[in-house]
file run_6.cif (mmCIF, C-alpha atoms and all ligand atoms)
data_structure
loop_
_atom_site.label_atom_id
_atom_site.label_comp_id
_atom_site.auth_asym_id
_atom_site.auth_seq_id
_atom_site.Cartn_x
_atom_site.Cartn_y
_atom_site.Cartn_z
CA MET B 1 -44.83 -61.57 -6.93
CA VAL B 2 -41.60 -59.87 -7.97
CA ASP B 3 -42.37 -56.47 -9.42
CA PHE B 4 -39.83 -54.36 -11.32
CA SER B 5 -42.12 -51.37 -11.87
CA LEU B 6 -41.32 -48.17 -9.96
CA THR B 7 -43.75 -46.46 -7.59
CA PRO B 8 -44.76 -42.83 -8.38
CA ASP B 9 -42.39 -41.68 -5.57
CA GLN B 10 -39.50 -43.67 -7.02
CA GLU B 11 -40.23 -42.29 -10.48
CA SER B 12 -40.21 -38.71 -9.20
CA LEU B 13 -36.90 -39.28 -7.40
CA ARG B 14 -35.41 -40.70 -10.58
CA ASP B 15 -36.77 -37.74 -12.57
CA LEU B 16 -35.30 -35.27 -10.07
CA ALA B 17 -31.91 -36.94 -10.37
CA ARG B 18 -32.14 -37.12 -14.17
CA LYS B 19 -33.04 -33.43 -14.40
CA PHE B 20 -30.17 -32.48 -12.09
CA ALA B 21 -27.71 -34.76 -13.89
CA ARG B 22 -28.56 -33.53 -17.37
CA GLY B 23 -29.15 -29.87 -16.45
CA GLU B 24 -26.44 -29.20 -13.85
CA MET B 25 -23.76 -31.89 -14.22
CA ALA B 26 -23.55 -32.91 -17.88
CA PRO B 27 -22.81 -29.42 -19.27
CA HIS B 28 -19.66 -29.24 -17.08
CA ALA B 29 -18.51 -32.87 -17.24
CA ALA B 30 -16.03 -32.53 -20.12
CA GLU B 31 -14.49 -29.32 -18.78
CA CYS B 32 -14.08 -30.69 -15.23
CA ASP B 33 -12.57 -33.87 -16.66
CA LYS B 34 -10.14 -31.93 -18.84
CA THR B 35 -8.96 -29.55 -16.14
CA SER B 36 -9.47 -31.86 -13.15
CA ARG B 37 -11.69 -29.20 -11.57
CA PHE B 38 -13.65 -29.98 -8.40
CA PRO B 39 -17.01 -28.29 -9.17
CA GLU B 40 -18.02 -27.37 -5.65
CA GLU B 41 -20.91 -25.21 -6.89
CA ILE B 42 -22.52 -28.35 -8.37
CA TYR B 43 -22.02 -30.33 -5.15
CA ARG B 44 -23.58 -27.48 -3.17
CA LYS B 45 -26.62 -27.56 -5.50
CA ALA B 46 -26.83 -31.36 -5.10
CA HIS B 47 -27.03 -30.80 -1.34
CA GLU B 48 -29.65 -28.07 -1.78
CA VAL B 49 -31.99 -30.30 -3.84
CA GLY B 50 -31.59 -33.31 -1.51
CA LEU B 51 -29.26 -35.45 -3.65
CA MET B 52 -26.51 -35.70 -1.02
CA ASN B 53 -26.55 -37.62 2.32
CA LEU B 54 -29.07 -40.00 0.73
CA ASN B 55 -28.75 -42.64 3.47
CA VAL B 56 -29.04 -40.27 6.45
CA PRO B 57 -32.50 -40.33 8.09
CA THR B 58 -34.64 -37.23 7.59
CA GLU B 59 -34.66 -36.56 11.36
CA PHE B 60 -30.97 -35.59 10.97
CA GLY B 61 -31.53 -33.60 7.77
CA GLY B 62 -30.64 -36.32 5.28
CA SER B 63 -32.81 -37.79 2.51
CA GLY B 64 -33.57 -40.99 4.47
CA LEU B 65 -33.80 -43.17 1.39
CA GLY B 66 -33.61 -46.93 1.06
CA LEU B 67 -30.81 -48.46 -0.97
CA PHE B 68 -33.08 -49.12 -3.96
CA GLU B 69 -34.02 -45.43 -4.22
CA GLN B 70 -30.35 -44.46 -3.74
CA CYS B 71 -29.43 -46.69 -6.67
CA LEU B 72 -32.06 -45.10 -8.93
CA ILE B 73 -30.53 -41.69 -8.17
CA VAL B 74 -26.90 -42.76 -8.46
CA GLU B 75 -27.40 -44.37 -11.87
CA GLU B 76 -28.93 -41.14 -13.22
CA LEU B 77 -26.12 -38.99 -11.81
CA ALA B 78 -23.41 -41.30 -13.16
CA TYR B 79 -24.98 -41.18 -16.61
CA ALA B 80 -23.89 -37.53 -16.66
CA CYS B 81 -20.53 -37.82 -14.86
CA GLY B 82 -18.99 -40.67 -12.88
CA GLY B 83 -16.48 -38.42 -11.13
CA MET B 84 -19.03 -35.90 -9.87
CA THR B 85 -21.22 -38.78 -8.71
CA THR B 86 -18.35 -40.24 -6.69
CA SER B 87 -17.93 -36.95 -4.87
CA ILE B 88 -21.68 -36.51 -4.32
CA ILE B 89 -22.14 -39.99 -2.82
CA ALA B 90 -18.90 -40.09 -0.77
CA ASN B 91 -20.81 -38.67 2.22
CA CYS B 92 -23.00 -41.79 2.22
CA LEU B 93 -19.86 -43.94 2.57
CA ALA B 94 -18.28 -41.71 5.21
CA LEU B 95 -21.44 -41.32 7.32
CA GLU B 96 -22.57 -44.97 7.17
CA PRO B 97 -20.23 -46.01 10.06
CA ILE B 98 -21.98 -43.39 12.21
CA LEU B 99 -25.39 -44.76 11.21
CA LEU B 100 -24.29 -48.32 11.95
CA GLY B 101 -22.21 -47.93 15.09
CA ALA B 102 -22.76 -44.59 16.86
CA THR B 103 -25.09 -43.98 19.80
CA PRO B 104 -28.28 -41.90 19.22
CA GLU B 105 -26.58 -39.00 21.06
CA GLN B 106 -23.50 -39.18 18.79
CA GLN B 107 -25.69 -39.42 15.69
CA ARG B 108 -27.57 -36.28 16.69
CA ARG B 109 -24.33 -34.45 17.52
CA TRP B 110 -22.55 -35.28 14.26
CA LEU B 111 -25.24 -35.77 11.64
CA ALA B 112 -27.72 -32.93 12.25
CA PRO B 113 -25.30 -29.96 11.98
CA PHE B 114 -23.41 -31.74 9.24
CA CYS B 115 -26.50 -32.18 7.07
CA ALA B 116 -28.02 -28.77 7.82
CA GLU B 117 -25.44 -27.15 5.57
CA TYR B 118 -23.25 -28.37 2.71
CA HIS B 119 -20.28 -30.30 4.12
CA LEU B 120 -18.22 -33.19 2.86
CA ALA B 121 -17.03 -36.18 4.87
CA SER B 122 -14.47 -38.85 3.97
CA PHE B 123 -14.18 -42.54 4.83
CA CYS B 124 -10.58 -43.18 5.93
CA LEU B 125 -9.79 -46.89 5.78
CA THR B 126 -7.22 -47.41 3.00
CA GLU B 127 -3.51 -47.03 3.75
CA PRO B 128 -0.40 -46.90 1.57
CA SER B 129 0.92 -50.24 2.85
CA GLY B 130 -2.07 -52.45 2.04
CA GLY B 131 -5.40 -51.22 0.72
CA SER B 132 -7.09 -54.56 0.06
CA ASP B 133 -5.87 -56.11 3.32
CA ALA B 134 -7.92 -53.80 5.53
CA GLY B 135 -7.20 -55.92 8.62
CA ALA B 136 -3.50 -55.04 8.35
CA LEU B 137 -3.96 -51.27 8.67
CA ARG B 138 -1.24 -49.53 10.69
CA THR B 139 -2.73 -46.21 11.81
CA ARG B 140 -2.35 -46.44 15.60
CA ALA B 141 -4.81 -45.38 18.28
CA ARG B 142 -3.02 -45.20 21.65
CA LYS B 143 -5.05 -44.80 24.81
CA ASP B 144 -4.37 -41.48 26.49
CA GLY B 145 -6.31 -40.55 29.64
CA ASP B 146 -10.01 -40.53 28.77
CA GLY B 147 -9.30 -40.57 25.03
CA TYR B 148 -6.95 -41.69 22.28
CA VAL B 149 -4.07 -40.35 20.21
CA LEU B 150 -4.04 -41.20 16.51
CA ASP B 151 -0.91 -41.51 14.36
CA GLY B 152 -0.78 -42.72 10.77
CA GLU B 153 -1.58 -42.01 7.16
CA LYS B 154 -4.53 -42.82 4.91
CA CYS B 155 -4.43 -42.68 1.11
CA PHE B 156 -6.74 -42.63 -1.94
CA ILE B 157 -9.40 -41.00 0.21
CA THR B 158 -12.32 -39.57 -1.80
CA ASN B 159 -13.02 -35.88 -1.07
CA ALA B 160 -10.23 -35.78 1.56
CA PRO B 161 -8.84 -32.43 0.38
CA ASN B 162 -12.32 -30.85 0.67
CA ALA B 163 -13.85 -32.69 3.63
CA SER B 164 -14.55 -31.24 7.05
CA LEU B 165 -15.13 -34.57 8.83
CA TYR B 166 -13.32 -37.90 8.69
CA THR B 167 -14.46 -41.35 9.83
CA VAL B 168 -11.17 -43.02 10.65
CA PHE B 169 -10.22 -46.66 11.26
CA ALA B 170 -7.18 -47.19 13.49
CA THR B 171 -5.74 -50.08 15.47
CA LEU B 172 -5.17 -50.32 19.21
CA ASP B 173 -2.74 -53.18 18.58
CA PRO B 174 -1.67 -54.40 15.12
CA GLU B 175 -1.00 -57.87 16.59
CA LEU B 176 -4.76 -58.23 17.09
CA ARG B 177 -5.37 -57.64 13.34
CA THR B 178 -9.08 -57.16 12.70
CA LYS B 179 -9.92 -57.43 16.43
CA GLY B 180 -7.84 -54.34 17.29
CA ILE B 181 -9.45 -52.01 14.76
CA THR B 182 -11.55 -49.19 16.20
CA ALA B 183 -13.54 -46.45 14.46
CA PHE B 184 -13.40 -42.72 15.29
CA VAL B 185 -14.87 -39.45 14.08
CA VAL B 186 -12.23 -36.77 13.58
CA PRO B 187 -12.99 -33.20 12.51
CA ARG B 188 -10.67 -31.74 9.88
CA GLU B 189 -9.72 -28.87 12.19
CA ALA B 190 -8.41 -31.21 14.93
CA LYS B 191 -4.78 -30.44 15.79
CA GLY B 192 -2.39 -32.78 13.93
CA VAL B 193 -4.68 -33.54 10.95
CA THR B 194 -3.23 -32.74 7.52
CA ALA B 195 -5.12 -33.35 4.29
CA GLY B 196 -2.73 -33.82 1.39
CA LYS B 197 -2.96 -32.45 -2.12
CA ASP B 198 -5.52 -33.60 -4.66
CA GLU B 199 -4.07 -36.55 -6.64
CA GLU B 200 -3.85 -36.39 -10.46
CA LYS B 201 -6.05 -39.26 -11.65
CA MET B 202 -6.80 -41.15 -14.88
CA GLY B 203 -10.58 -40.74 -14.48
CA HIS B 204 -13.14 -39.37 -12.01
CA ARG B 205 -11.27 -36.13 -12.42
CA ALA B 206 -14.15 -33.99 -11.12
CA SER B 207 -13.80 -35.69 -7.73
CA SER B 208 -10.94 -35.08 -5.33
CA THR B 209 -8.76 -37.81 -3.86
CA GLY B 210 -5.96 -37.40 -1.35
CA THR B 211 -4.03 -38.50 1.68
CA VAL B 212 -4.87 -37.66 5.29
CA ARG B 213 -2.11 -37.67 7.93
CA PHE B 214 -2.79 -37.97 11.64
CA GLU B 215 0.11 -36.85 13.83
CA GLY B 216 -0.57 -37.01 17.55
CA VAL B 217 -4.27 -36.26 16.98
CA ARG B 218 -6.18 -36.31 20.27
CA VAL B 219 -9.63 -37.88 20.02
CA PRO B 220 -11.93 -37.93 23.06
CA ALA B 221 -13.53 -41.27 23.94
CA ALA B 222 -16.89 -39.61 23.16
CA ASP B 223 -15.81 -39.53 19.49
CA ARG B 224 -15.17 -43.26 19.22
CA ILE B 225 -17.78 -45.10 17.11
CA GLY B 226 -18.85 -48.38 18.66
CA ALA B 227 -16.73 -50.41 21.05
CA GLU B 228 -12.96 -50.84 20.97
CA GLY B 229 -12.18 -53.55 18.42
CA GLU B 230 -15.53 -53.17 16.66
CA GLY B 231 -14.13 -51.03 13.86
CA PHE B 232 -13.43 -53.80 11.35
CA SER B 233 -16.98 -55.09 11.57
CA ILE B 234 -18.29 -51.52 11.18
CA ALA B 235 -16.09 -51.01 8.09
CA MET B 236 -17.21 -54.29 6.50
CA ARG B 237 -20.89 -53.65 7.23
CA THR B 238 -20.50 -50.15 5.79
CA LEU B 239 -19.07 -51.57 2.57
CA ASP B 240 -21.91 -54.14 2.42
CA GLN B 241 -24.23 -51.11 2.18
CA THR B 242 -22.21 -48.90 -0.15
CA ARG B 243 -20.96 -51.36 -2.76
CA THR B 244 -24.47 -51.65 -4.24
CA PRO B 245 -24.62 -47.94 -5.25
CA ILE B 246 -21.21 -48.45 -6.90
CA GLY B 247 -22.99 -51.07 -9.02
CA ALA B 248 -25.54 -48.36 -9.89
CA LEU B 249 -22.78 -45.86 -10.66
CA ALA B 250 -21.12 -48.36 -13.02
CA THR B 251 -24.52 -49.09 -14.64
CA GLY B 252 -25.00 -45.36 -15.30
CA ILE B 253 -21.63 -45.16 -17.05
CA ALA B 254 -22.43 -48.30 -19.08
CA GLN B 255 -25.86 -46.98 -20.12
CA ALA B 256 -24.28 -43.71 -21.28
CA ALA B 257 -21.72 -45.66 -23.34
CA LEU B 258 -24.43 -47.81 -24.94
CA ASP B 259 -26.60 -44.78 -25.78
CA LEU B 260 -23.67 -42.93 -27.37
CA ALA B 261 -22.61 -45.99 -29.38
CA ALA B 262 -26.13 -46.71 -30.64
CA GLY B 263 -26.70 -43.05 -31.58
CA TYR B 264 -23.40 -42.91 -33.45
CA ALA B 265 -24.01 -46.25 -35.19
CA LEU B 266 -27.29 -44.98 -36.65
CA LYS B 267 -25.59 -41.90 -38.14
CA ARG B 268 -22.17 -43.10 -39.24
CA VAL B 269 -22.21 -44.45 -42.81
CA THR B 270 -19.68 -46.96 -44.19
CA PHE B 271 -19.95 -49.23 -47.22
CA GLY B 272 -23.07 -47.30 -48.26
CA LYS B 273 -25.15 -47.80 -45.09
CA PRO B 274 -25.24 -46.80 -41.40
CA ILE B 275 -22.86 -48.99 -39.42
CA ALA B 276 -25.88 -49.97 -37.26
CA GLU B 277 -26.92 -52.11 -40.23
CA HIS B 278 -23.64 -54.04 -40.20
CA GLU B 279 -23.96 -57.28 -38.29
CA ALA B 280 -20.60 -56.80 -36.55
CA ILE B 281 -21.89 -53.60 -34.92
CA GLN B 282 -25.33 -55.08 -34.17
CA ILE B 283 -23.67 -57.92 -32.23
CA LYS B 284 -21.66 -55.39 -30.26
CA LEU B 285 -24.74 -53.32 -29.40
CA ALA B 286 -26.73 -56.44 -28.48
CA ASN B 287 -23.99 -57.64 -26.12
CA MET B 288 -23.63 -54.16 -24.60
CA ALA B 289 -27.40 -53.96 -23.98
CA GLN B 290 -27.37 -57.36 -22.24
CA ALA B 291 -24.49 -56.29 -20.00
CA VAL B 292 -26.22 -53.03 -19.02
CA ARG B 293 -29.50 -54.75 -18.15
CA ALA B 294 -27.82 -57.54 -16.21
CA ALA B 295 -25.77 -54.97 -14.26
CA ARG B 296 -28.92 -53.02 -13.38
CA LEU B 297 -30.87 -56.11 -12.35
CA LEU B 298 -28.06 -57.42 -10.12
CA THR B 299 -27.77 -53.98 -8.55
CA TRP B 300 -31.52 -53.78 -7.95
CA ASN B 301 -31.50 -57.33 -6.55
CA SER B 302 -28.76 -56.39 -4.08
CA ALA B 303 -30.55 -53.18 -3.05
CA TRP B 304 -33.82 -55.06 -2.62
CA THR B 305 -32.13 -57.77 -0.52
CA ILE B 306 -30.57 -55.22 1.84
CA ASP B 307 -33.71 -53.05 2.04
CA ALA B 308 -35.62 -56.21 3.00
CA GLY B 309 -33.27 -56.68 5.98
CA GLY B 310 -30.73 -59.10 4.48
CA ARG B 311 -26.99 -58.67 5.18
CA GLY B 312 -26.30 -58.41 1.46
CA THR B 313 -22.58 -59.23 1.64
CA LEU B 314 -22.83 -61.68 -1.27
CA GLU B 315 -25.32 -59.68 -3.33
CA SER B 316 -23.50 -56.34 -2.99
CA SER B 317 -20.17 -57.86 -4.01
CA ILE B 318 -21.80 -59.56 -7.01
CA ALA B 319 -23.51 -56.30 -8.06
CA LYS B 320 -20.39 -54.15 -7.66
CA CYS B 321 -18.11 -56.66 -9.37
CA PHE B 322 -20.40 -57.52 -12.28
CA ALA B 323 -21.54 -53.96 -12.99
CA SER B 324 -18.03 -52.50 -12.90
CA ASP B 325 -16.66 -55.21 -15.21
CA ALA B 326 -19.66 -54.60 -17.48
CA ALA B 327 -19.07 -50.84 -17.47
CA LEU B 328 -15.46 -51.24 -18.55
CA HIS B 329 -16.42 -53.69 -21.29
CA VAL B 330 -19.32 -51.58 -22.58
CA ALA B 331 -17.23 -48.39 -22.59
CA ASP B 332 -14.49 -50.26 -24.49
CA GLU B 333 -16.99 -51.49 -27.08
CA ALA B 334 -18.44 -47.98 -27.39
CA ILE B 335 -14.96 -46.69 -28.28
CA GLN B 336 -14.59 -49.52 -30.80
CA THR B 337 -17.94 -48.56 -32.36
CA PHE B 338 -16.74 -44.97 -32.72
CA GLY B 339 -13.45 -46.23 -34.21
CA GLY B 340 -10.67 -43.62 -34.37
CA TYR B 341 -13.08 -40.89 -33.23
CA GLY B 342 -13.72 -42.85 -30.04
CA TYR B 343 -10.05 -42.63 -29.14
CA MET B 344 -10.04 -38.85 -29.47
CA LYS B 345 -10.64 -36.63 -26.46
CA GLU B 346 -12.98 -34.50 -28.55
CA TYR B 347 -15.58 -37.31 -28.27
CA PRO B 348 -17.16 -38.28 -24.93
CA VAL B 349 -16.63 -42.06 -24.96
CA GLU B 350 -12.97 -42.28 -23.90
CA LYS B 351 -13.86 -40.49 -20.63
CA LEU B 352 -16.39 -43.25 -19.92
CA LEU B 353 -13.67 -45.90 -20.16
CA ARG B 354 -11.40 -43.97 -17.79
CA ASP B 355 -14.26 -43.41 -15.35
CA ALA B 356 -15.39 -47.06 -15.58
CA LYS B 357 -11.92 -48.31 -14.65
CA LEU B 358 -12.06 -46.92 -11.11
CA THR B 359 -15.29 -48.76 -10.37
CA GLN B 360 -13.31 -52.03 -10.64
CA ILE B 361 -10.83 -50.74 -8.06
CA TYR B 362 -12.44 -48.62 -5.35
CA GLU B 363 -14.71 -49.79 -2.52
CA GLY B 364 -12.78 -53.06 -2.71
CA ALA B 365 -10.92 -54.20 -5.84
CA ASN B 366 -12.85 -56.75 -7.89
CA GLU B 367 -10.32 -59.39 -6.85
CA ILE B 368 -11.53 -58.80 -3.26
CA GLN B 369 -15.17 -58.94 -4.41
CA ARG B 370 -14.49 -62.34 -5.94
CA THR B 371 -12.86 -63.48 -2.69
CA VAL B 372 -15.95 -62.32 -0.76
CA ILE B 373 -18.31 -63.93 -3.28
CA ALA B 374 -16.47 -67.27 -3.16
CA ARG B 375 -16.34 -67.26 0.68
CA GLU B 376 -20.06 -66.48 0.99
CA LEU B 377 -20.96 -68.99 -1.69
CA LEU B 378 -18.90 -71.83 -0.22
CA ARG B 379 -20.45 -71.25 3.19
CA GLY B 380 -23.70 -72.49 1.65
CA TYR B 381 -22.06 -75.73 0.48
CA ALA B 382 -20.07 -76.56 3.64
N1 LIG X 401 -19.99 -57.98 7.91
C1 LIG X 401 -19.75 -58.21 9.24
N2 LIG X 401 -18.62 -58.80 9.68
C2 LIG X 401 -17.70 -59.18 8.76
C3 LIG X 401 -17.88 -58.97 7.38
C4 LIG X 401 -19.10 -58.35 6.96
N3 LIG X 401 -19.36 -58.12 5.68
N4 LIG X 401 -16.81 -59.43 6.71
C5 LIG X 401 -15.97 -59.92 7.64
N5 LIG X 401 -16.51 -59.76 8.87
C6 LIG X 401 -15.97 -60.21 10.16
C7 LIG X 401 -15.72 -61.72 10.10
O1 LIG X 401 -16.89 -62.45 10.42
C8 LIG X 401 -14.63 -61.89 11.12
O2 LIG X 401 -15.19 -61.90 12.40
P1 LIG X 401 -14.67 -62.93 13.53
O3 LIG X 401 -13.19 -62.64 13.66
O4 LIG X 401 -15.45 -62.57 14.73
O5 LIG X 401 -14.91 -64.30 13.00
C9 LIG X 401 -13.82 -60.62 10.97
O6 LIG X 401 -14.68 -59.65 10.37
C10 LIG X 401 -12.60 -60.79 10.10
O7 LIG X 401 -13.04 -61.22 8.83
P2 LIG X 401 -12.10 -61.98 7.81
O8 LIG X 401 -11.39 -63.09 8.52
O9 LIG X 401 -12.92 -62.34 6.63
O10 LIG X 401 -11.02 -60.84 7.46
P3 LIG X 401 -9.88 -60.80 6.36
O11 LIG X 401 -8.71 -60.14 6.95
O12 LIG X 401 -9.71 -62.16 5.76
O13 LIG X 401 -10.42 -59.75 5.25
C11 LIG X 401 -11.68 -58.85 3.41
C12 LIG X 401 -11.59 -59.77 4.68
C13 LIG X 401 -13.10 -59.08 2.97
C14 LIG X 401 -10.74 -59.26 2.31
C15 LIG X 401 -11.43 -57.37 3.82
O14 LIG X 401 -10.07 -57.16 4.14
C16 LIG X 401 -11.84 -56.38 2.73
O15 LIG X 401 -13.04 -56.18 2.49
N6 LIG X 401 -10.88 -55.73 2.05
C17 LIG X 401 -11.17 -54.68 1.07
C18 LIG X 401 -11.25 -53.33 1.74
C19 LIG X 401 -11.95 -52.31 0.88
O16 LIG X 401 -13.00 -52.57 0.32
N7 LIG X 401 -11.40 -51.11 0.81
C20 LIG X 401 -11.99 -50.01 0.08
C21 LIG X 401 -12.13 -48.81 0.97
S1 LIG X 401 -13.30 -47.62 0.48
C22 LIG X 401 -12.63 -46.81 -0.81
O17 LIG X 401 -12.46 -47.39 -1.84
C23 LIG X 401 -12.21 -45.39 -0.65
C24 LIG X 401 -13.09 -44.36 -1.20
O18 LIG X 401 -13.03 -43.24 -0.75
C25 LIG X 401 -14.05 -44.64 -2.32
#

call {"tool": "encode", "arguments": {"input": "run_6.cif", "output": "structure tokens"}}
result
Amino acid sequence: MVDFSLTPDQESLRDLARKFARGEMAPHAAECDKTSRFPEEIYRKAHEVGLMNLNVPTEFGGSGLGLFEQCLIVEELAYACGGMTTSIIANCLALEPILLGATPEQQRRWLAPFCAEYHLASFCLTEPSGGSDAGALRTRARKDGDGYVLDGEKCFITNAPNASLYTVFATLDPELRTKGITAFVVPREAKGVTAGKDEEKMGHRASSTGTVRFEGVRVPAADRIGAEGEGFSIAMRTLDQTRTPIGALATGIAQAALDLAAGYALKRVTFGKPIAEHEAIQIKLANMAQAVRAARLLTWNSAWTIDAGGRGTLESSIAKCFASDAALHVADEAIQTFGGYGYMKEYPVEKLLRDAKLTQIYEGANEIQRTVIARELLRGYA
């Protein structure tokens, strides 16, 4: 029997995240958005209470949670601030290649000290010349004695300006396309690594995003993740895992937009009655509520599929794509419900629209998700 009720453990995780989100994050969300401040003190507290490194097994100091539990947490955090949530969960993205492809010795070496204290890591795949076409990346890894030398530049990297560890995808030979891509772990302090300035963004302004340059960076063979040429598969399998929590993040933003719109509609009076009594607004709220619930259910379905051992490529792309489109639509309708006030920065709904927009772009633009969905779908008909 399919059962959508939460276990007592899942409920207490969700309550912990809700308490943290509403008590620690929400009071600072508007200020961090306005000033584009990276609230490191909040991220340190998230680490302290076990809301960071959610996917890392407890033996290495992480939270060791399944994807379903991660999604419960991420939705609660994103309800308070999408940008802060992106920075809090970026370690899950950056460390997943290590969980998927590293040896037990490498996992112990990198994950245990990393999780023991607050540290940030970044996932370095995207490049200026072609973000969506990950197989065409140009960062070179040249063999050098018993190691490699990396040269190239990554862009739009979450937490890059603040991270101390990078998981980096580079090619041994661009002619080989996806078959030449290899994954490495590179510490920030390695000679030749330069993290660029924090980019000025439309939304998610409490998170940091930047470039990372690698100029003649020497990486020992012991810091390669997986085999030579295995990097593309590691990157794709990582994204299969991490796109589902992006569905949860988008759902959190959408739920916040719906709650604000409904609350406002009950108070705001026009033509002698609250606008919630006008059919035009009721239809909006009804459609928003359907979108939020469908986004959550698709996200839960994807998390459940992957936790049950499925690959989840199709389900995670569907969840990420649907929930992010829903979040943008629901945030837009929330602004429309607020009318002119919704367009003003003094009210919280316009931030939700700006934050929702990124969820359609990062971790694979929704055009790529639709490509993945169509490919996976058609496989079943061939
Ligand atoms: N799992 C395992 N293997 C996979 C896979 C998956 N999900 N997807 C593809 N592969 C394998 C294929 O089976 C194939 O293997 P063989 O050669 O052995 O047959 C190989 O990888 C190549 O696959 P494709 O031919 O499908 O490759 P492609 O070049 O056509 O590209 C793509 C596929 C899906 C479009 C890929 O380029 C892609 O996902 N692009 C988007 C990248 C992305 O999401 N970037 C976001 C980065 S994270 C971020 O946003 C930053 C941040 O900090 C938040």

call {"tool": "closest_residue", "arguments": {"input": "run_6.cif", "among": "B:Glu75, B:Asp307, B:Glu127, B:Glu189", "to": "ligand LIG 401 (chain X)", "atoms": "only C-alpha atoms and all ligand atoms"}}
result
B:Glu127

call {"tool": "atom_distance", "arguments": {"input": "run_6.cif", "atom1": "CA of Thr371 in chain B", "atom2": "CA of Ile89 in chain B"}}
result
25.3 Å

call {"tool": "residues_near_ligand", "arguments": {"input": "run_6.cif", "ligand": "ligand LIG 401 (chain X)", "cutoff": "7 Å", "atoms": "all atoms listed in the file", "output": "ChimeraX atom specification"}}
result
/B:90,122-123,125-126,131-135,156-158,178-179,232-233,236-237,239-240,313,362-365,368,371-372

call {"tool": "write_last_selection", "arguments": {"input": "run_6.cif", "atoms": "C-alpha atoms", "output": "short mmCIF file (atom, residue, chain, number, x, y, z; two decimals), in the coordinates of the input"}}
result
data_model
loop_
_atom_site.label_atom_id
_atom_site.label_comp_id
_atom_site.auth_asym_id
_atom_site.auth_seq_id
_atom_site.Cartn_x
_atom_site.Cartn_y
_atom_site.Cartn_z
CA ALA B 90 -18.90 -40.09 -0.77
CA SER B 122 -14.47 -38.85 3.97
CA PHE B 123 -14.18 -42.54 4.83
CA LEU B 125 -9.79 -46.89 5.78
CA THR B 126 -7.22 -47.41 3.00
CA GLY B 131 -5.40 -51.22 0.72
CA SER B 132 -7.09 -54.56 0.06
CA ASP B 133 -5.87 -56.11 3.32
CA ALA B 134 -7.92 -53.80 5.53
CA GLY B 135 -7.20 -55.92 8.62
CA PHE B 156 -6.74 -42.63 -1.94
CA ILE B 157 -9.40 -41.00 0.21
CA THR B 158 -12.32 -39.57 -1.80
CA THR B 178 -9.08 -57.16 12.70
CA LYS B 179 -9.92 -57.43 16.43
CA PHE B 232 -13.43 -53.80 11.35
CA SER B 233 -16.98 -55.09 11.57
CA MET B 236 -17.21 -54.29 6.50
CA ARG B 237 -20.89 -53.65 7.23
CA LEU B 239 -19.07 -51.57 2.57
CA ASP B 240 -21.91 -54.14 2.42
CA THR B 313 -22.58 -59.23 1.64
CA TYR B 362 -12.44 -48.62 -5.35
CA GLU B 363 -14.71 -49.79 -2.52
CA GLY B 364 -12.78 -53.06 -2.71
CA ALA B 365 -10.92 -54.20 -5.84
CA ILE B 368 -11.53 -58.80 -3.26
CA THR B 371 -12.86 -63.48 -2.69
CA VAL B 372 -15.95 -62.32 -0.76
#

call {"tool": "atom_distance", "arguments": {"input": "run_6.cif", "atom1": "CA of Leu16 in chain B", "atom2": "CA of Gly66 in chain B"}}
result
16.2 Å

call {"tool": "atom_distance", "arguments": {"input": "run_6.cif", "atom1": "CA of Thr171 in chain B", "atom2": "CA of Ala227 in chain B"}}
result
12.3 Å

call {"tool": "closest_residue", "arguments": {"input": "run_6.cif", "among": "B:Arg243, B:His47, B:Lys154, B:His329", "to": "Leu258 in chain B", "atoms": "only C-alpha atoms"}}
result
B:His329

call {"tool": "residues_around", "arguments": {"input": "run_6.cif", "residues": "range 109-113 of chain B", "least_positions_apart": "5", "cutoff": "10 Å", "atoms": "all atoms listed in the file", "output": "list in words"}}
result
Asn53, Val56, Pro57, Thr58, Glu59, Phe60, Gly61, Gly62, Leu95, Ile98, Leu99, Ala102, Thr103, Pro104, Tyr118, His119, Leu165, Val185, Pro187 and Asp223 of chain B

call {"tool": "residues_around", "arguments": {"input": "run_6.cif", "residues": "Ala248 in chain B", "least_positions_apart": "4", "cutoff": "7 Å", "atoms": "all atoms listed in the file", "output": "JSON list (two decimals) with C-alpha atoms, in the frame of the given file"}}
result
[["chain", "number", "residue", "atom", "x", "y", "z"],
["B", 71, "CYS", "CA", -29.43, -46.69, -6.67],
["B", 74, "VAL", "CA", -26.90, -42.76, -8.46],
["B", 75, "GLU", "CA", -27.40, -44.37, -11.87],
["B", 244, "THR", "CA", -24.47, -51.65, -4.24],
["B", 252, "GLY", "CA", -25.00, -45.36, -15.30],
["B", 296, "ARG", "CA", -28.92, -53.02, -13.38],
["B", 299, "THR", "CA", -27.77, -53.98, -8.55]]

call {"tool": "residues_around", "arguments": {"input": "run_6.cif", "residues": "Thr337 in chain B", "least_positions_apart": "6", "cutoff": "8 Å", "atoms": "all atoms listed in the file", "output": "list in words"}}
result
Ala261, Tyr264, Ala265 and Ile281 of chain B

call {"tool": "write_last_selection", "arguments": {"input": "run_6.cif", "atoms": "C-alpha atoms", "output": "PDB file, in the frame of the given file"}}
result
ATOM      1  CA  ALA B 261     -22.610 -45.990 -29.380  1.00  0.00           C
ATOM      2  CA  TYR B 264     -23.400 -42.910 -33.450  1.00  0.00           C
ATOM      3  CA  ALA B 265     -24.010 -46.250 -35.190  1.00  0.00           C
ATOM      4  CA  ILE B 281     -21.890 -53.600 -34.920  1.00  0.00           C
TER       5      ILE B 281
END
